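*Asks:* Contents of run-v3.pdb (PDB, C-alpha atoms) are below:
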```
ATOM      1  CA  MET C   1       0.000   0.000   0.000
ATOM      2  CA  ASN C   2       2.856   2.411   0.792
ATOM      3  CA  LEU C   3       4.320   1.865  -2.689
ATOM      4  CA  ILE C   4       0.990   2.774  -4.288
ATOM      5  CA  LEU C   5       0.793   5.965  -2.226
ATOM      6  CA  ILE C   6       4.353   6.898  -3.171
ATOM      7  CA  LEU C   7       3.664   6.361  -6.885
ATOM      8  CA  PHE C   8       0.458   8.363  -6.638
ATOM      9  CA  ALA C   9       2.328  11.214  -4.967
ATOM     10  CA  LEU C  10       5.044  11.133  -7.625
ATOM     11  CA  TRP C  11       2.685  11.423 -10.582
ATOM     12  CA  ASN C  12      -0.270  13.470  -9.348
ATOM     13  CA  PHE C  13       0.913  16.912  -8.372
ATOM     14  CA  SER C  14      -1.475  19.844  -8.274
ATOM     15  CA  ASN C  15       1.312  22.228  -9.286
ATOM     16  CA  PRO C  16       3.021  21.222 -12.563
ATOM     17  CA  ALA C  17       6.248  22.918 -11.401
ATOM     18  CA  ASP C  18       6.528  20.163  -8.775
ATOM     19  CA  LEU C  19       6.888  17.281 -11.255
ATOM     20  CA  LYS C  20      10.137  15.845  -9.952
ATOM     21  CA  LEU C  21      11.138  12.236  -9.420
ATOM     22  CA  ASN C  22      13.952  12.243  -6.897
ATOM     23  CA  PHE C  23      15.281   8.741  -6.322
ATOM     24  CA  GLY C  24      16.857   9.770  -3.004
ATOM     25  CA  GLU C  25      13.870  11.568  -1.480
ATOM     26  CA  ASN C  26      11.050   9.388  -2.771
ATOM     27  CA  LYS C  27      12.680   6.012  -2.093
ATOM     28  CA  THR C  28      10.866   4.494  -5.072
ATOM     29  CA  GLN C  29      12.079   1.068  -6.175
ATOM     30  CA  SER C  30       9.329   0.299  -8.649
ATOM     31  CA  TRP C  31      11.218   0.763 -11.915
ATOM     32  CA  SER C  32      11.916  -2.430 -13.872
ATOM     33  CA  VAL C  33      14.669  -3.645 -16.176
ATOM     34  CA  ILE C  34      13.715  -4.985 -19.600
ATOM     35  CA  ASN C  35      16.523  -6.669 -21.548
ATOM     36  CA  ASP C  36      16.658  -8.023 -25.076
ATOM     37  CA  GLY C  37      16.077 -11.512 -23.639
ATOM     38  CA  VAL C  38      12.380 -10.862 -24.340
ATOM     39  CA  MET C  39      13.293 -11.532 -27.986
ATOM     40  CA  GLY C  40      16.156 -14.003 -27.578
ATOM     41  CA  GLY C  41      19.050 -11.620 -26.920
ATOM     42  CA  MET C  42      21.705 -12.030 -24.242
ATOM     43  CA  SER C  43      22.244  -8.490 -22.900
ATOM     44  CA  GLN C  44      22.078  -8.008 -19.146
ATOM     45  CA  GLY C  45      21.020  -5.096 -16.996
ATOM     46  CA  VAL C  46      20.177  -4.629 -13.327
ATOM     47  CA  ALA C  47      18.918  -1.763 -11.176
ATOM     48  CA  LYS C  48      20.559  -1.139  -7.808
ATOM     49  CA  TYR C  49      18.887   1.293  -5.456
ATOM     50  CA  GLN C  50      21.093   3.359  -3.160
ATOM     51  CA  GLU C  51      20.095   5.871  -0.513
ATOM     52  CA  ASN C  52      20.172   8.835  -2.928
ATOM     53  CA  SER C  53      19.934   7.328  -6.412
ATOM     54  CA  VAL C  54      19.363   4.315  -8.622
ATOM     55  CA  THR C  55      22.173   2.762 -10.668
ATOM     56  CA  PHE C  56      21.365   0.918 -13.876
ATOM     57  CA  LEU C  57      24.309  -1.201 -15.012
ATOM     58  CA  GLY C  58      25.021  -4.115 -17.286
ATOM     59  CA  THR C  59      26.412  -5.403 -20.558
ATOM     60  CA  ILE C  60      25.043  -5.063 -24.072
ATOM     61  CA  ARG C  61      25.587  -8.134 -26.262
ATOM     62  CA  LEU C  62      24.642  -8.565 -29.897
ATOM     63  CA  ASP C  63      24.289 -12.369 -29.712
ATOM     64  CA  ASN C  64      20.970 -13.810 -30.964
ATOM     65  CA  ASN C  65      19.902 -10.466 -32.494
ATOM     66  CA  GLY C  66      20.182  -8.744 -29.115
ATOM     67  CA  GLY C  67      21.407  -5.280 -28.366
ATOM     68  CA  PHE C  68      19.378  -3.472 -25.719
ATOM     69  CA  SER C  69      18.774  -3.083 -22.024
ATOM     70  CA  SER C  70      16.304  -0.610 -20.558
ATOM     71  CA  LEU C  71      15.129   0.721 -17.208
ATOM     72  CA  LYS C  72      11.414   1.636 -17.213
ATOM     73  CA  SER C  73       9.047   3.380 -14.821
ATOM     74  CA  PRO C  74       5.695   1.806 -13.990
ATOM     75  CA  PHE C  75       2.811   2.670 -16.325
ATOM     76  CA  SER C  76       1.039   5.825 -15.130
ATOM     77  CA  ALA C  77      -0.732   8.416 -17.284
ATOM     78  CA  LYS C  78       0.723  11.915 -17.121
ATOM     79  CA  ASP C  79       0.081  15.033 -19.170
ATOM     80  CA  LEU C  80       3.484  16.607 -19.879
ATOM     81  CA  SER C  81       2.197  19.052 -22.508
ATOM     82  CA  SER C  82       2.681  22.109 -20.263
ATOM     83  CA  PHE C  83       6.410  21.393 -19.840
ATOM     84  CA  LYS C  84       9.181  22.555 -22.173
ATOM     85  CA  HIS C  85      12.183  20.713 -20.719
ATOM     86  CA  VAL C  86      13.222  17.762 -18.621
ATOM     87  CA  GLU C  87      16.257  18.004 -16.362
ATOM     88  CA  ILE C  88      18.129  14.823 -15.433
ATOM     89  CA  ARG C  89      20.979  14.663 -12.938
ATOM     90  CA  TYR C  90      23.110  11.625 -13.690
ATOM     91  CA  ARG C  91      26.568  10.195 -14.068
ATOM     92  CA  SER C  92      27.658   7.403 -16.360
ATOM     93  CA  LYS C  93      30.438   5.271 -17.757
ATOM     94  CA  GLY C  94      30.596   3.168 -20.878
ATOM     95  CA  ILE C  95      27.800   2.943 -23.426
ATOM     96  CA  PRO C  96      25.713   6.145 -23.481
ATOM     97  CA  MET C  97      22.009   6.072 -22.579
ATOM     98  CA  ALA C  98      18.878   7.788 -23.894
ATOM     99  CA  PHE C  99      15.860   9.032 -21.942
ATOM    100  CA  THR C 100      12.548   7.741 -23.367
ATOM    101  CA  LEU C 101       8.883   8.724 -23.186
ATOM    102  CA  GLU C 102       6.104   6.356 -24.245
ATOM    103  CA  ASN C 103       2.344   6.733 -24.744
ATOM    104  CA  SER C 104       1.502   3.116 -25.587
ATOM    105  CA  ARG C 105       1.963  -0.253 -23.922
ATOM    106  CA  ALA C 106       2.680  -1.818 -27.331
ATOM    107  CA  TRP C 107       6.458  -2.207 -27.790
ATOM    108  CA  TYR C 108       6.215  -1.698 -31.571
ATOM    109  CA  ASN C 109       4.554   1.762 -31.422
ATOM    110  CA  THR C 110       6.487   4.995 -31.785
ATOM    111  CA  TYR C 111       8.108   6.395 -28.642
ATOM    112  CA  TYR C 112      10.368   9.433 -28.240
ATOM    113  CA  ARG C 113      13.917   9.620 -26.961
ATOM    114  CA  MET C 114      16.874  11.927 -26.417
ATOM    115  CA  GLY C 115      20.464  10.818 -25.972
ATOM    116  CA  LEU C 116      22.497  11.411 -22.833
ATOM    117  CA  PRO C 117      26.264  11.281 -23.374
ATOM    118  CA  SER C 118      28.584   9.338 -21.107
ATOM    119  CA  THR C 119      30.040  11.548 -18.347
ATOM    120  CA  ASP C 120      33.125   9.471 -17.433
ATOM    121  CA  GLY C 121      31.693   9.028 -13.934
ATOM    122  CA  LYS C 122      31.172  12.752 -13.202
ATOM    123  CA  TRP C 123      27.792  14.111 -12.093
ATOM    124  CA  GLU C 124      26.108  16.210 -14.801
ATOM    125  CA  ILE C 125      22.743  17.870 -15.231
ATOM    126  CA  ALA C 126      21.250  17.481 -18.703
ATOM    127  CA  ALA C 127      18.498  19.910 -19.720
ATOM    128  CA  LEU C 128      16.608  18.321 -22.607
ATOM    129  CA  THR C 129      14.067  20.179 -24.770
ATOM    130  CA  LEU C 130      10.976  17.988 -25.099
ATOM    131  CA  LYS C 131      10.030  19.130 -28.616
ATOM    132  CA  LYS C 132      13.479  17.958 -29.808
ATOM    133  CA  PHE C 133      12.918  14.339 -28.718
ATOM    134  CA  GLU C 134      13.195  12.036 -31.748
ATOM    135  CA  GLY C 135      10.647   9.398 -32.699
ATOM    136  CA  GLN C 136      11.746   5.747 -32.658
ATOM    137  CA  ARG C 137       9.956   2.554 -33.581
ATOM    138  CA  VAL C 138      11.548  -0.879 -33.129
ATOM    139  CA  GLY C 139      14.991   0.744 -32.831
ATOM    140  CA  GLN C 140      14.675   2.825 -36.018
ATOM    141  CA  SER C 141      14.210   6.581 -36.358
ATOM    142  CA  THR C 142      10.796   7.691 -37.622
ATOM    143  CA  GLY C 143      12.099  11.151 -38.611
ATOM    144  CA  THR C 144       9.533  12.824 -36.342
ATOM    145  CA  ARG C 145       9.794  15.068 -33.292
ATOM    146  CA  MET C 146       7.636  14.898 -30.181
ATOM    147  CA  ASN C 147       4.551  17.115 -30.285
ATOM    148  CA  THR C 148       2.094  18.404 -27.693
ATOM    149  CA  ASP C 149      -0.467  15.673 -28.444
ATOM    150  CA  PHE C 150       2.052  12.940 -27.625
ATOM    151  CA  ALA C 151       3.280  14.816 -24.534
ATOM    152  CA  SER C 152      -0.287  15.004 -23.207
ATOM    153  CA  GLU C 153      -0.598  11.188 -23.258
ATOM    154  CA  VAL C 154       2.702   9.909 -21.772
ATOM    155  CA  ILE C 155       2.252   6.713 -19.755
ATOM    156  CA  ARG C 156       5.862   5.688 -19.080
ATOM    157  CA  MET C 157       9.402   7.028 -19.051
ATOM    158  CA  GLY C 158      12.693   5.207 -19.028
ATOM    159  CA  PHE C 159      16.290   4.837 -20.127
ATOM    160  CA  ILE C 160      17.748   2.627 -22.870
ATOM    161  CA  ASN C 161      21.233   2.163 -24.282
ATOM    162  CA  ASP C 162      21.915   4.717 -27.014
ATOM    163  CA  ALA C 163      24.561   2.834 -28.993
ATOM    164  CA  LYS C 164      24.259  -0.031 -31.469
ATOM    165  CA  GLY C 165      27.273  -1.981 -30.259
ATOM    166  CA  PRO C 166      28.401  -4.315 -27.497
ATOM    167  CA  GLY C 167      29.902  -3.115 -24.229
ATOM    168  CA  ASP C 168      29.389  -2.334 -20.577
ATOM    169  CA  PHE C 169      27.434   0.536 -19.062
ATOM    170  CA  GLU C 170      26.897   2.109 -15.650
ATOM    171  CA  PHE C 171      24.267   4.827 -15.376
ATOM    172  CA  GLU C 172      23.334   6.432 -12.035
ATOM    173  CA  ILE C 173      20.300   8.736 -11.754
ATOM    174  CA  ASP C 174      19.721  11.205  -8.926
ATOM    175  CA  TYR C 175      16.556  12.921 -10.213
ATOM    176  CA  ILE C 176      14.304  13.645 -13.200
ATOM    177  CA  GLN C 177      12.438  16.971 -13.222
ATOM    178  CA  PHE C 178      10.038  18.356 -15.811
ATOM    179  CA  LYS C 179      10.057  22.148 -16.127
TER     180      LYS C 179
END
```
As structure tokens, what does this structure read like?
*Replies:*
Amino acid sequence: MNLILILFALWNFSNPADLKLNFGENKTQSWSVINDGVMGGMSQGVAKYQENSVTFLGTIRLDNNGGFSSLKSPFSAKDLSSFKHVEIRYRSKGIPMAFTLENSRAWYNTYYRMGLPSTDGKWEIAALTLKKFEGQRVGQSTGTRMNTDFASEVIRMGFINDAKGPGDFEFEIDYIQFK
């Protein structure tokens, strides 16, 4: 029951300026890892929750048509159309990651993403413009940018590797804030 109340508090703010997911303050551990094993791949990823952050780490392998590992929030409808940017405080090593926004439960539908470069283990704050997020479908660019209609129907956010090659990654997230 406490987890449900925490998730409700995270996603249902009366003031849009308060839309911040702080992994240290909110103590949420409800995000899940989805690897390419769902389609026969052999990549590995795990989420480790610390006191002030969550670390997503693993190895991308291309065996058996693999090549991805992702960390996803629970499904929860949220209208992000009033926001212009998302700010993410993170540090990383290895394969770079991308931040994703989805409005469908179907894996084959278009979602939007923006790359986050590797930081060589140093904390950085990335300020990403939502209308510059690029459309993707089944790992391929759609050539589209995110619009207000899509932003008003987001049901999940997440992170996925942003490189098409094998290797290790370590990605630690402090907070995500929409502004």
*Asks:* Residues within 12 Å of Arg91 in chain C, please, as an mmCIF file with C-alpha atoms, keeping the file's coordinate frame. Count all atoms listed in the file; anything in the same chain fewer than 5 positions from it doesn't count.
*Replies:*
```cif
data_model
loop_
_atom_site.group_PDB
_atom_site.id
_atom_site.type_symbol
_atom_site.label_atom_id
_atom_site.label_comp_id
_atom_site.auth_asym_id
_atom_site.auth_seq_id
_atom_site.Cartn_x
_atom_site.Cartn_y
_atom_site.Cartn_z
ATOM 1 C CA SER C 53 19.934 7.328 -6.412
ATOM 2 C CA VAL C 54 19.363 4.315 -8.622
ATOM 3 C CA THR C 55 22.173 2.762 -10.668
ATOM 4 C CA PHE C 56 21.365 0.918 -13.876
ATOM 5 C CA LEU C 57 24.309 -1.201 -15.012
ATOM 6 C CA PRO C 96 25.713 6.145 -23.481
ATOM 7 C CA MET C 97 22.009 6.072 -22.579
ATOM 8 C CA LEU C 116 22.497 11.411 -22.833
ATOM 9 C CA PRO C 117 26.264 11.281 -23.374
ATOM 10 C CA SER C 118 28.584 9.338 -21.107
ATOM 11 C CA THR C 119 30.040 11.548 -18.347
ATOM 12 C CA ASP C 120 33.125 9.471 -17.433
ATOM 13 C CA GLY C 121 31.693 9.028 -13.934
ATOM 14 C CA LYS C 122 31.172 12.752 -13.202
ATOM 15 C CA TRP C 123 27.792 14.111 -12.093
ATOM 16 C CA GLU C 124 26.108 16.210 -14.801
ATOM 17 C CA ILE C 125 22.743 17.870 -15.231
ATOM 18 C CA ALA C 126 21.250 17.481 -18.703
ATOM 19 C CA PHE C 169 27.434 0.536 -19.062
ATOM 20 C CA GLU C 170 26.897 2.109 -15.650
ATOM 21 C CA PHE C 171 24.267 4.827 -15.376
ATOM 22 C CA GLU C 172 23.334 6.432 -12.035
ATOM 23 C CA ILE C 173 20.300 8.736 -11.754
ATOM 24 C CA ASP C 174 19.721 11.205 -8.926
ATOM 25 C CA TYR C 175 16.556 12.921 -10.213
#
```
*Asks:* Neighbouring residues of Phe133 in chain C were defined as those with any atom within 12 Å, considering all atoms listed in the file; residues of the same chain fewer than 3 positions away were excluded. Please report them as a PDB file with C-alpha atoms, in the frame of the given file.
*Replies:*
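result.pdb, written as the output of this step:
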```pdb
ATOM      1  CA  LYS C  84       9.181  22.555 -22.173  1.00  0.00           C
ATOM      2  CA  HIS C  85      12.183  20.713 -20.719  1.00  0.00           C
ATOM      3  CA  VAL C  86      13.222  17.762 -18.621  1.00  0.00           C
ATOM      4  CA  ALA C  98      18.878   7.788 -23.894  1.00  0.00           C
ATOM      5  CA  PHE C  99      15.860   9.032 -21.942  1.00  0.00           C
ATOM      6  CA  THR C 100      12.548   7.741 -23.367  1.00  0.00           C
ATOM      7  CA  LEU C 101       8.883   8.724 -23.186  1.00  0.00           C
ATOM      8  CA  GLU C 102       6.104   6.356 -24.245  1.00  0.00           C
ATOM      9  CA  THR C 110       6.487   4.995 -31.785  1.00  0.00           C
ATOM     10  CA  TYR C 111       8.108   6.395 -28.642  1.00  0.00           C
ATOM     11  CA  TYR C 112      10.368   9.433 -28.240  1.00  0.00           C
ATOM     12  CA  ARG C 113      13.917   9.620 -26.961  1.00  0.00           C
ATOM     13  CA  MET C 114      16.874  11.927 -26.417  1.00  0.00           C
ATOM     14  CA  GLY C 115      20.464  10.818 -25.972  1.00  0.00           C
ATOM     15  CA  LEU C 116      22.497  11.411 -22.833  1.00  0.00           C
ATOM     16  CA  ALA C 127      18.498  19.910 -19.720  1.00  0.00           C
ATOM     17  CA  LEU C 128      16.608  18.321 -22.607  1.00  0.00           C
ATOM     18  CA  THR C 129      14.067  20.179 -24.770  1.00  0.00           C
ATOM     19  CA  LEU C 130      10.976  17.988 -25.099  1.00  0.00           C
ATOM     20  CA  GLN C 136      11.746   5.747 -32.658  1.00  0.00           C
ATOM     21  CA  SER C 141      14.210   6.581 -36.358  1.00  0.00           C
ATOM     22  CA  THR C 142      10.796   7.691 -37.622  1.00  0.00           C
ATOM     23  CA  GLY C 143      12.099  11.151 -38.611  1.00  0.00           C
ATOM     24  CA  THR C 144       9.533  12.824 -36.342  1.00  0.00           C
ATOM     25  CA  ARG C 145       9.794  15.068 -33.292  1.00  0.00           C
ATOM     26  CA  MET C 146       7.636  14.898 -30.181  1.00  0.00           C
ATOM     27  CA  ASN C 147       4.551  17.115 -30.285  1.00  0.00           C
ATOM     28  CA  THR C 148       2.094  18.404 -27.693  1.00  0.00           C
ATOM     29  CA  PHE C 150       2.052  12.940 -27.625  1.00  0.00           C
ATOM     30  CA  ALA C 151       3.280  14.816 -24.534  1.00  0.00           C
TER      31      ALA C 151
END
```
*Asks:* In Å, how far is it from CA of Gly158 in chain C to CA of Ser70 in chain C?
*Replies:*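 Rounded to one decimal, the two atoms are 7.0 Å apart.
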*Asks:* Enclose range 99-110 of chain C, meaning all of its atoms listed in the file, in a box aligned along x, y and z, pad it by 6 Å on each side, and list the centre and edge lengths in Å to one decimal, as lines of an AutoDock Vina configuration file.
*Replies:*
```
center_x = 8.7
center_y = 3.4
center_z = -26.9
size_x = 26.4
size_y = 23.2
size_z = 21.8
```
*Asks:* Which residues come within 9 Å of range 58-63 of chain C, counting all atoms listed in the file, excluding same-chain residues fewer than 4 positions away, as a list in words?
*Replies:*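 That gives Asp36, Gly40, Gly41, Met42, Ser43, Gln44, Gly45, Val46, Ala47, Gly67, Phe68, Ser69, Ile95, Asn161, Lys164, Gly165, Pro166, Gly167, Asp168, Phe169 and Glu170 of chain C.
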*Asks:* Could you dump the residues just selected with C-alpha atoms as a short mmCIF file (atom, residue, chain, number, x, y, z; two decimals), keeping the file's coordinate frame?
*Replies:*
```cif
data_model
loop_
_atom_site.label_atom_id
_atom_site.label_comp_id
_atom_site.auth_asym_id
_atom_site.auth_seq_id
_atom_site.Cartn_x
_atom_site.Cartn_y
_atom_site.Cartn_z
CA ASP C 36 16.66 -8.02 -25.08
CA GLY C 40 16.16 -14.00 -27.58
CA GLY C 41 19.05 -11.62 -26.92
CA MET C 42 21.70 -12.03 -24.24
CA SER C 43 22.24 -8.49 -22.90
CA GLN C 44 22.08 -8.01 -19.15
CA GLY C 45 21.02 -5.10 -17.00
CA VAL C 46 20.18 -4.63 -13.33
CA ALA C 47 18.92 -1.76 -11.18
CA GLY C 67 21.41 -5.28 -28.37
CA PHE C 68 19.38 -3.47 -25.72
CA SER C 69 18.77 -3.08 -22.02
CA ILE C 95 27.80 2.94 -23.43
CA ASN C 161 21.23 2.16 -24.28
CA LYS C 164 24.26 -0.03 -31.47
CA GLY C 165 27.27 -1.98 -30.26
CA PRO C 166 28.40 -4.32 -27.50
CA GLY C 167 29.90 -3.12 -24.23
CA ASP C 168 29.39 -2.33 -20.58
CA PHE C 169 27.43 0.54 -19.06
CA GLU C 170 26.90 2.11 -15.65
#
```
*Asks:* Could you please determine the separation between CA of Asn109 in chain C and CA of Asn64 in chain C in Å, to one decimal place?
*Replies:*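 Spanning CA of Asn109 in chain C to CA of Asn64 in chain C is a straight-line distance of 22.6 Å.
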*Asks:* As an exercise, work out the distance from CA of Gly66 in chain C to CA of Gly135 in chain C in Å and give it to one decimal place.
*Replies:*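 CA of Gly66 in chain C sits 20.8 Å away from CA of Gly135 in chain C.
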*Asks:* Using all atoms listed in the file, give me every residue within 7 Å of (13.5, 13.5, -14.0) in file coordinates, as a ChimeraX atom specification.
*Replies:* /C:20-21,86-88,175-178
*Asks:* Take the residues from that selection and write them out as an mmCIF file, in the coordinates of the input, keeping C-alpha atoms.
*Replies:*
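Result saved to selection.cif:
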```cif
data_model
loop_
_atom_site.group_PDB
_atom_site.id
_atom_site.type_symbol
_atom_site.label_atom_id
_atom_site.label_comp_id
_atom_site.auth_asym_id
_atom_site.auth_seq_id
_atom_site.Cartn_x
_atom_site.Cartn_y
_atom_site.Cartn_z
ATOM 1 C CA LYS C 20 10.137 15.845 -9.952
ATOM 2 C CA LEU C 21 11.138 12.236 -9.420
ATOM 3 C CA VAL C 86 13.222 17.762 -18.621
ATOM 4 C CA GLU C 87 16.257 18.004 -16.362
ATOM 5 C CA ILE C 88 18.129 14.823 -15.433
ATOM 6 C CA TYR C 175 16.556 12.921 -10.213
ATOM 7 C CA ILE C 176 14.304 13.645 -13.200
ATOM 8 C CA GLN C 177 12.438 16.971 -13.222
ATOM 9 C CA PHE C 178 10.038 18.356 -15.811
#
```
